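Listing of target35.json; format and content: JSON, C-alpha atoms.
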```
[["chain", "number", "residue", "atom", "x", "y", "z"],
["A", 1, "MET", "CA", 87.04, 73.78, 128.37],
["A", 2, "ILE", "CA", 90.03, 75.18, 130.30],
["A", 3, "THR", "CA", 92.31, 78.16, 129.87],
["A", 4, "ILE", "CA", 96.01, 77.96, 130.63],
["A", 5, "THR", "CA", 97.68, 81.33, 131.07],
["A", 6, "GLU", "CA", 101.08, 82.01, 129.52],
["A", 7, "PRO", "CA", 102.92, 81.95, 132.90],
["A", 8, "ALA", "CA", 101.34, 78.57, 133.69],
["A", 9, "ARG", "CA", 102.13, 77.24, 130.23],
["A", 10, "GLU", "CA", 105.78, 78.29, 130.49],
["A", 11, "ARG", "CA", 106.10, 76.75, 133.95],
["A", 12, "LEU", "CA", 104.54, 73.49, 132.79],
["A", 13, "LYS", "CA", 106.83, 73.42, 129.73],
["A", 14, "ALA", "CA", 109.85, 73.88, 132.02],
["A", 15, "LEU", "CA", 108.68, 71.05, 134.27],
["A", 16, "LEU", "CA", 108.17, 68.81, 131.25],
["A", 17, "ALA", "CA", 111.63, 69.65, 129.91],
["A", 18, "ALA", "CA", 113.20, 68.81, 133.27],
["A", 19, "ARG", "CA", 111.68, 65.34, 133.11],
["A", 20, "ASP", "CA", 113.29, 64.67, 129.76],
["A", 21, "GLN", "CA", 110.61, 62.14, 128.88],
["A", 22, "GLU", "CA", 108.54, 62.03, 125.73],
["A", 23, "ASP", "CA", 104.78, 61.63, 125.43],
["A", 24, "LEU", "CA", 103.85, 63.10, 128.79],
["A", 25, "ALA", "CA", 100.47, 64.70, 129.34],
["A", 26, "LEU", "CA", 98.97, 66.72, 132.18],
["A", 27, "ARG", "CA", 96.11, 65.07, 134.07],
["A", 28, "LEU", "CA", 93.83, 67.51, 135.89],
["A", 29, "GLU", "CA", 90.95, 66.36, 138.06],
["A", 30, "ILE", "CA", 88.80, 67.17, 141.05],
["A", 31, "ALA", "CA", 90.18, 65.21, 144.01],
["A", 32, "GLY", "CA", 87.44, 66.25, 146.42],
["A", 33, "ARG", "CA", 85.88, 69.15, 148.26],
["A", 34, "ARG", "CA", 86.97, 70.68, 151.54],
["A", 35, "GLY", "CA", 86.06, 73.85, 153.37],
["A", 36, "GLY", "CA", 83.61, 74.83, 150.66],
["A", 37, "GLN", "CA", 86.30, 74.67, 147.96],
["A", 38, "PHE", "CA", 87.39, 72.20, 145.30],
["A", 39, "GLN", "CA", 90.52, 70.18, 145.95],
["A", 40, "TYR", "CA", 92.55, 69.53, 142.80],
["A", 41, "GLU", "CA", 95.00, 66.90, 141.72],
["A", 42, "PHE", "CA", 97.20, 67.36, 138.72],
["A", 43, "GLY", "CA", 100.47, 65.97, 137.47],
["A", 44, "PHE", "CA", 102.19, 64.47, 134.47],
["A", 45, "ILE", "CA", 101.41, 60.98, 133.25],
["A", 46, "GLY", "CA", 102.41, 58.97, 130.23],
["A", 47, "ALA", "CA", 100.11, 59.48, 127.27],
["A", 48, "GLU", "CA", 99.54, 55.73, 127.22],
["A", 49, "PHE", "CA", 97.66, 56.04, 130.51],
["A", 50, "ARG", "CA", 94.88, 58.08, 128.94],
["A", 51, "GLU", "CA", 91.49, 56.57, 129.76],
["A", 52, "PRO", "CA", 89.12, 56.01, 126.82],
["A", 53, "GLU", "CA", 86.50, 58.38, 128.29],
["A", 54, "ASP", "CA", 88.96, 61.19, 129.09],
["A", 55, "GLN", "CA", 88.39, 64.55, 127.53],
["A", 56, "VAL", "CA", 91.54, 65.77, 125.81],
["A", 57, "VAL", "CA", 92.52, 69.44, 125.63],
["A", 58, "ASP", "CA", 95.32, 70.41, 123.24],
["A", 59, "ALA", "CA", 97.36, 73.04, 125.10],
["A", 60, "GLY", "CA", 99.78, 73.43, 122.20],
["A", 61, "ASP", "CA", 102.95, 72.12, 123.78],
["A", 62, "PHE", "CA", 101.26, 69.31, 125.67],
["A", 63, "LEU", "CA", 97.92, 67.57, 126.11],
["A", 64, "VAL", "CA", 95.64, 67.81, 129.13],
["A", 65, "PHE", "CA", 93.55, 64.77, 130.14],
["A", 66, "ILE", "CA", 90.35, 65.37, 132.11],
["A", 67, "SER", "CA", 88.24, 62.53, 133.45],
["A", 68, "PRO", "CA", 84.53, 62.57, 132.58],
["A", 69, "LYS", "CA", 83.70, 62.66, 136.29],
["A", 70, "SER", "CA", 85.69, 65.88, 136.79],
["A", 71, "ALA", "CA", 84.82, 67.53, 133.47],
["A", 72, "PRO", "CA", 81.59, 69.30, 134.54],
["A", 73, "ASP", "CA", 83.31, 70.91, 137.54],
["A", 74, "LEU", "CA", 86.31, 71.97, 135.45],
["A", 75, "ALA", "CA", 84.38, 73.66, 132.66],
["A", 76, "GLY", "CA", 85.64, 77.22, 132.25],
["A", 77, "VAL", "CA", 88.54, 76.99, 134.72],
["A", 78, "THR", "CA", 91.72, 79.01, 134.32],
["A", 79, "LEU", "CA", 95.06, 77.52, 135.34],
["A", 80, "ASP", "CA", 97.58, 80.22, 136.25],
["A", 81, "PHE", "CA", 101.05, 80.35, 137.79],
["A", 82, "HIS", "CA", 102.06, 83.15, 140.14],
["A", 83, "GLU", "CA", 105.56, 83.88, 141.43],
["A", 84, "ASP", "CA", 106.94, 86.67, 143.57],
["A", 85, "ASP", "CA", 109.58, 87.20, 146.26],
["A", 86, "PHE", "CA", 107.54, 85.39, 148.88],
["A", 87, "GLN", "CA", 105.84, 82.45, 147.21],
["A", 88, "SER", "CA", 105.09, 80.73, 143.95],
["A", 89, "GLY", "CA", 102.65, 78.15, 142.73],
["A", 90, "PHE", "CA", 99.81, 77.22, 140.46],
["A", 91, "LYS", "CA", 96.39, 78.73, 141.00],
["A", 92, "ILE", "CA", 93.10, 77.46, 139.62],
["A", 93, "ASP", "CA", 90.27, 79.93, 139.14],
["A", 94, "ASN", "CA", 87.06, 77.91, 138.97],
["A", 95, "PRO", "CA", 83.74, 79.63, 138.20],
["A", 96, "ASN", "CA", 81.69, 76.54, 139.08],
["A", 97, "SER", "CA", 79.76, 76.09, 142.29],
["A", 98, "VAL", "CA", 81.41, 73.61, 144.63],
["A", 99, "TRP", "CA", 78.03, 72.01, 145.30],
["A", 100, "SER", "CA", 75.48, 71.97, 142.49],
["A", 101, "ASP", "CA", 72.95, 70.08, 144.59],
["A", 102, "ASP", "CA", 70.63, 72.14, 146.82],
["A", 103, "VAL", "CA", 70.94, 69.69, 149.72],
["A", 104, "ALA", "CA", 74.73, 69.77, 149.68],
["A", 105, "GLN", "CA", 74.68, 73.56, 149.48],
["A", 106, "ALA", "CA", 72.38, 73.70, 152.51],
["A", 107, "VAL", "CA", 74.67, 71.41, 154.51],
["A", 108, "GLN", "CA", 77.69, 73.52, 153.58],
["A", 109, "GLN", "CA", 75.91, 76.66, 154.76],
["A", 110, "VAL", "CA", 75.17, 75.10, 158.16],
["A", 111, "ILE", "CA", 78.82, 74.09, 158.50],
["A", 112, "ASP", "CA", 80.11, 77.52, 157.46],
["A", 113, "ARG", "CA", 77.66, 79.66, 159.43],
["A", 114, "GLU", "CA", 77.04, 77.63, 162.59],
["A", 115, "ILE", "CA", 79.26, 74.61, 163.13],
["A", 116, "ASN", "CA", 82.74, 75.90, 162.35],
["A", 117, "PRO", "CA", 82.31, 79.16, 164.27],
["A", 118, "SER", "CA", 81.18, 77.09, 167.28],
["A", 119, "ILE", "CA", 84.19, 74.77, 167.32],
["A", 120, "ALA", "CA", 86.77, 77.36, 166.27],
["A", 121, "SER", "CA", 87.52, 78.16, 169.94],
["A", 122, "HIS", "CA", 88.77, 74.56, 170.29],
["A", 123, "GLY", "CA", 90.90, 74.88, 167.16],
["A", 124, "GLY", "CA", 88.57, 72.55, 165.28],
["A", 125, "ILE", "CA", 87.11, 72.56, 161.82],
["A", 126, "VAL", "CA", 84.60, 70.40, 159.94],
["A", 127, "ASN", "CA", 84.82, 69.92, 156.19],
["A", 128, "LEU", "CA", 82.02, 68.57, 154.01],
["A", 129, "LEU", "CA", 83.43, 65.87, 151.74],
["A", 130, "ASP", "CA", 80.35, 64.55, 149.97],
["A", 131, "VAL", "CA", 76.59, 64.19, 150.17],
["A", 132, "ASP", "CA", 74.63, 61.10, 149.15],
["A", 133, "VAL", "CA", 71.21, 62.63, 148.61],
["A", 134, "GLU", "CA", 69.51, 59.31, 147.87],
["A", 135, "GLN", "CA", 70.71, 57.79, 151.15],
["A", 136, "GLY", "CA", 70.42, 61.05, 153.10],
["A", 137, "ILE", "CA", 74.05, 60.87, 154.24],
["A", 138, "ALA", "CA", 76.50, 63.74, 154.65],
["A", 139, "TYR", "CA", 80.17, 62.72, 154.82],
["A", 140, "VAL", "CA", 82.36, 65.04, 156.85],
["A", 141, "GLN", "CA", 85.97, 65.24, 157.93],
["A", 142, "MET", "CA", 87.08, 66.78, 161.20],
["A", 143, "GLY", "CA", 90.36, 68.65, 161.36],
["A", 144, "GLY", "CA", 92.48, 70.83, 163.59],
["A", 145, "GLY", "CA", 91.76, 70.24, 167.28],
["A", 146, "CYS", "CA", 88.96, 67.82, 166.39],
["A", 147, "GLN", "CA", 91.21, 65.33, 164.62],
["A", 148, "GLY", "CA", 92.29, 62.69, 167.09],
["A", 149, "CYS", "CA", 90.38, 64.38, 169.89],
["A", 150, "GLY", "CA", 88.83, 62.06, 172.47],
["A", 151, "MET", "CA", 85.67, 64.18, 172.35],
["A", 152, "ALA", "CA", 85.31, 64.05, 168.56],
["A", 153, "SER", "CA", 82.50, 61.49, 168.64],
["A", 154, "VAL", "CA", 80.60, 63.62, 171.16],
["A", 155, "THR", "CA", 81.07, 66.74, 169.04],
["A", 156, "LEU", "CA", 79.88, 64.84, 165.99],
["A", 157, "LYS", "CA", 76.77, 63.27, 167.54],
["A", 158, "GLN", "CA", 75.69, 66.00, 169.96],
["A", 159, "GLY", "CA", 76.68, 68.99, 167.87],
["A", 160, "VAL", "CA", 77.47, 68.53, 164.20],
["A", 161, "GLU", "CA", 74.89, 65.87, 163.37],
["A", 162, "VAL", "CA", 72.12, 67.46, 165.46],
["A", 163, "ARG", "CA", 72.50, 70.84, 163.77],
["A", 164, "ILE", "CA", 72.70, 69.44, 160.26],
["A", 165, "LEU", "CA", 69.69, 67.15, 160.72],
["A", 166, "GLU", "CA", 67.65, 70.00, 162.18],
["A", 167, "ALA", "CA", 68.52, 72.43, 159.40],
["A", 168, "VAL", "CA", 68.48, 70.03, 156.45],
["A", 169, "PRO", "CA", 65.62, 67.49, 156.75],
["A", 170, "ALA", "CA", 66.84, 65.61, 153.65],
["A", 171, "ILE", "CA", 69.88, 64.49, 155.66],
["A", 172, "THR", "CA", 69.27, 61.65, 158.12],
["A", 173, "GLN", "CA", 72.84, 60.69, 158.99],
["A", 174, "VAL", "CA", 76.26, 62.32, 159.27],
["A", 175, "VAL", "CA", 79.28, 60.06, 158.78],
["A", 176, "ASP", "CA", 82.70, 61.02, 160.11],
["A", 177, "SER", "CA", 85.39, 60.05, 157.56],
["A", 178, "THR", "CA", 88.29, 61.41, 159.62],
["A", 179, "ASP", "CA", 91.48, 59.46, 160.29],
["A", 180, "HIS", "CA", 91.51, 60.25, 164.00],
["A", 181, "ALA", "CA", 94.47, 57.95, 164.64],
["A", 182, "SER", "CA", 96.76, 60.54, 163.06],
["A", 183, "GLY", "CA", 95.41, 63.46, 165.09],
["A", 184, "SER", "CA", 97.43, 65.11, 167.85],
["A", 185, "ASN", "CA", 94.54, 65.36, 170.34],
["A", 186, "PRO", "CA", 95.68, 68.71, 171.73],
["A", 187, "TYR", "CA", 92.73, 69.43, 173.99],
["A", 188, "TYR", "CA", 91.27, 66.27, 175.49],
["A", 189, "GLN", "CA", 92.15, 62.82, 176.71],
["A", 190, "PRO", "CA", 90.17, 59.91, 175.20],
["A", 191, "ALA", "CA", 86.58, 60.08, 176.37],
["A", 192, "LYS", "CA", 85.14, 57.41, 178.65],
["A", 193, "GLY", "CA", 81.42, 57.51, 178.14],
["A", 194, "ALA", "CA", 79.49, 60.67, 177.42],
["A", 195, "GLY", "CA", 81.05, 64.07, 177.70],
["A", 196, "ALA", "CA", 80.27, 67.66, 177.02],
["A", 197, "SER", "CA", 80.11, 69.01, 173.50],
["A", 198, "PRO", "CA", 81.82, 72.31, 172.62],
["A", 199, "PHE", "CA", 78.44, 73.33, 171.18],
["A", 200, "GLY", "CA", 77.02, 73.71, 174.68]]
```

Can you dump the structure from the file as structure tokens?
Amino acid sequence: MITITEPARERLKALLAARDQEDLALRLEIAGRRGGQFQYEFGFIGAEFREPEDQVVDAGDFLVFISPKSAPDLAGVTLDFHEDDFQSGFKIDNPNSVWSDDVAQAVQQVIDREINPSIASHGGIVNLLDVDVEQGIAYVQMGGGCQGCGMASVTLKQGVEVRILEAVPAITQVVDSTDHASGSNPYYQPAKGAGASPFG
């Protein structure tokens, strides 16, 4: 299911040795999607925390647990570790499409080609988190200058939602899942009533 390169294997073995704890396994899963890319979560857990439905990959020196929910999107991935004079870290090469559903792919295209270029001048970005095709809902997260911005609701309703609904008829609602309370609001004061959208 997955390939672990020798540099990644050696790095993981070193991390395991530093923990000095027996029966540890690596859990790898898809944590979400953002900016048209998979977001990953992986770390060591005790072997006793393996879920009954987990797929188990024997990596030789350790086991890798993969949840059944993440397994289809992790098929064929390569886990590598790169290190040079400037940076180091794990890298996951995933051949799978971030969105296998046609509706989600269409929404992502609208975000990439129209929405994000339009709000880039305000330092903003919109990420597609999920699509509920049955309910016709696209869940998005606003970041950069849009997070915590007093005009975020205007941008969402007058810009983001309008464009997505026009381009993707299967979507009837766009839900903002952003934690705006933690945003820095660098461009606007909180809106009082309607305002102008940066899409104008």

request  = Considering only C-alpha atoms, return as a ChimeraX atom specification whatever protein or nucleic-acid residues lie within 10 Å of range 87-89 of chain A, sequence-local ones (same chain, fewer than 6 positions apart) excluded.
outcome  = /A:8,11,80-81

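With only C-alpha atoms as the atoms that count, the residue of A:Val57, A:Leu74, A:Leu28, A:Val168 with the shortest distance to Gln108 in chain A is A:Val168.
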
Please report as JSON lines every residue of range 8-47 of chain A lying within 9 Å of range 58-65 of chain A, along with the nearest atom pair and their distance in Å (one decimal), using all atoms listed in the file.
```
{"residue": "A:Arg9", "atom": "CA", "partner": "A:Ala59", "partner_atom": "CA", "distance": 8.2}
{"residue": "A:Leu12", "atom": "CA", "partner": "A:Phe62", "partner_atom": "CA", "distance": 8.9}
{"residue": "A:Lys13", "atom": "CA", "partner": "A:Asp61", "partner_atom": "CA", "distance": 7.2}
{"residue": "A:Leu16", "atom": "CA", "partner": "A:Phe62", "partner_atom": "CA", "distance": 8.9}
{"residue": "A:Asp23", "atom": "CA", "partner": "A:Phe62", "partner_atom": "CA", "distance": 8.5}
{"residue": "A:Leu24", "atom": "CA", "partner": "A:Phe62", "partner_atom": "CA", "distance": 7.4}
{"residue": "A:Ala25", "atom": "CA", "partner": "A:Leu63", "partner_atom": "CA", "distance": 5.0}
{"residue": "A:Leu26", "atom": "CA", "partner": "A:Val64", "partner_atom": "CA", "distance": 4.6}
{"residue": "A:Arg27", "atom": "CA", "partner": "A:Phe65", "partner_atom": "CA", "distance": 4.7}
{"residue": "A:Leu28", "atom": "CA", "partner": "A:Phe65", "partner_atom": "CA", "distance": 6.4}
{"residue": "A:Glu29", "atom": "CA", "partner": "A:Phe65", "partner_atom": "CA", "distance": 8.5}
{"residue": "A:Ala47", "atom": "CA", "partner": "A:Leu63", "partner_atom": "CA", "distance": 8.5}
```

remark   = Between CA of Val140 in chain A and CA of Val126 in chain A lies a distance of 6.6 Å

Contacts of Gln109 in chain A at 12 Å (all atoms listed in the file; same-chain gap of 4+ positions) as a ChimeraX atom specification = /A:35-36,98-99,102-105,113-117,126-128,163-164,167-168

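Minimum distance to Lys69 in chain A across A:Val107, A:Ile30, A:Ser97, A:Phe90 (counting all atoms listed in the file) occurs at A:Ile30.
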
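Distances here use only C-alpha atoms; by that measure, the residue among A:Thr5, A:Gln141, A:Ser100, A:Gln55 closest to Arg34 in chain A is A:Gln141.
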
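With all atoms listed in the file as the atoms that count, the minimum distance from Gly143 in chain A to the choices A:Glu166, A:Ser118, A:Thr178, A:Asp85 is reached by A:Thr178.
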
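Between CA of His82 in chain A and CA of Gly46 in chain A the separation is 26.1 Å.
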
Take every atom of range 79-98 of chain A listed in the file, pad by 5 Å on each side, and give me the axis-aligned box centre and edge lengths in Å, one decimal, as AutoDock Vina command-line options.
```
--center_x 94.7 --center_y 80.4 --center_z 142.1 --size_x 39.8 --size_y 23.6 --size_z 23.5
```

query = Which protein, DNA or RNA residues have an atom at most 8 Å from (94.0, 74.8, 165.7), counting all atoms listed in the file? List them as a PyMOL selection string.
reply = chain A and resi 120+122-124+144-145

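One finds CA of Pro7 in chain A at 25.9 Å from CA of Gly32 in chain A.
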
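Of the listed residues A:Met1, A:Ala106, A:Val77, A:Ala138, the one whose atoms come nearest to Val56 in chain A is A:Met1, with distances taken using all atoms listed in the file.
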
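Nearest-residue note for Val162 in chain A: choosing from A:Arg50, A:Val174, A:Ala75, A:Glu6, the minimum distance belongs to A:Val174, counting all atoms listed in the file.
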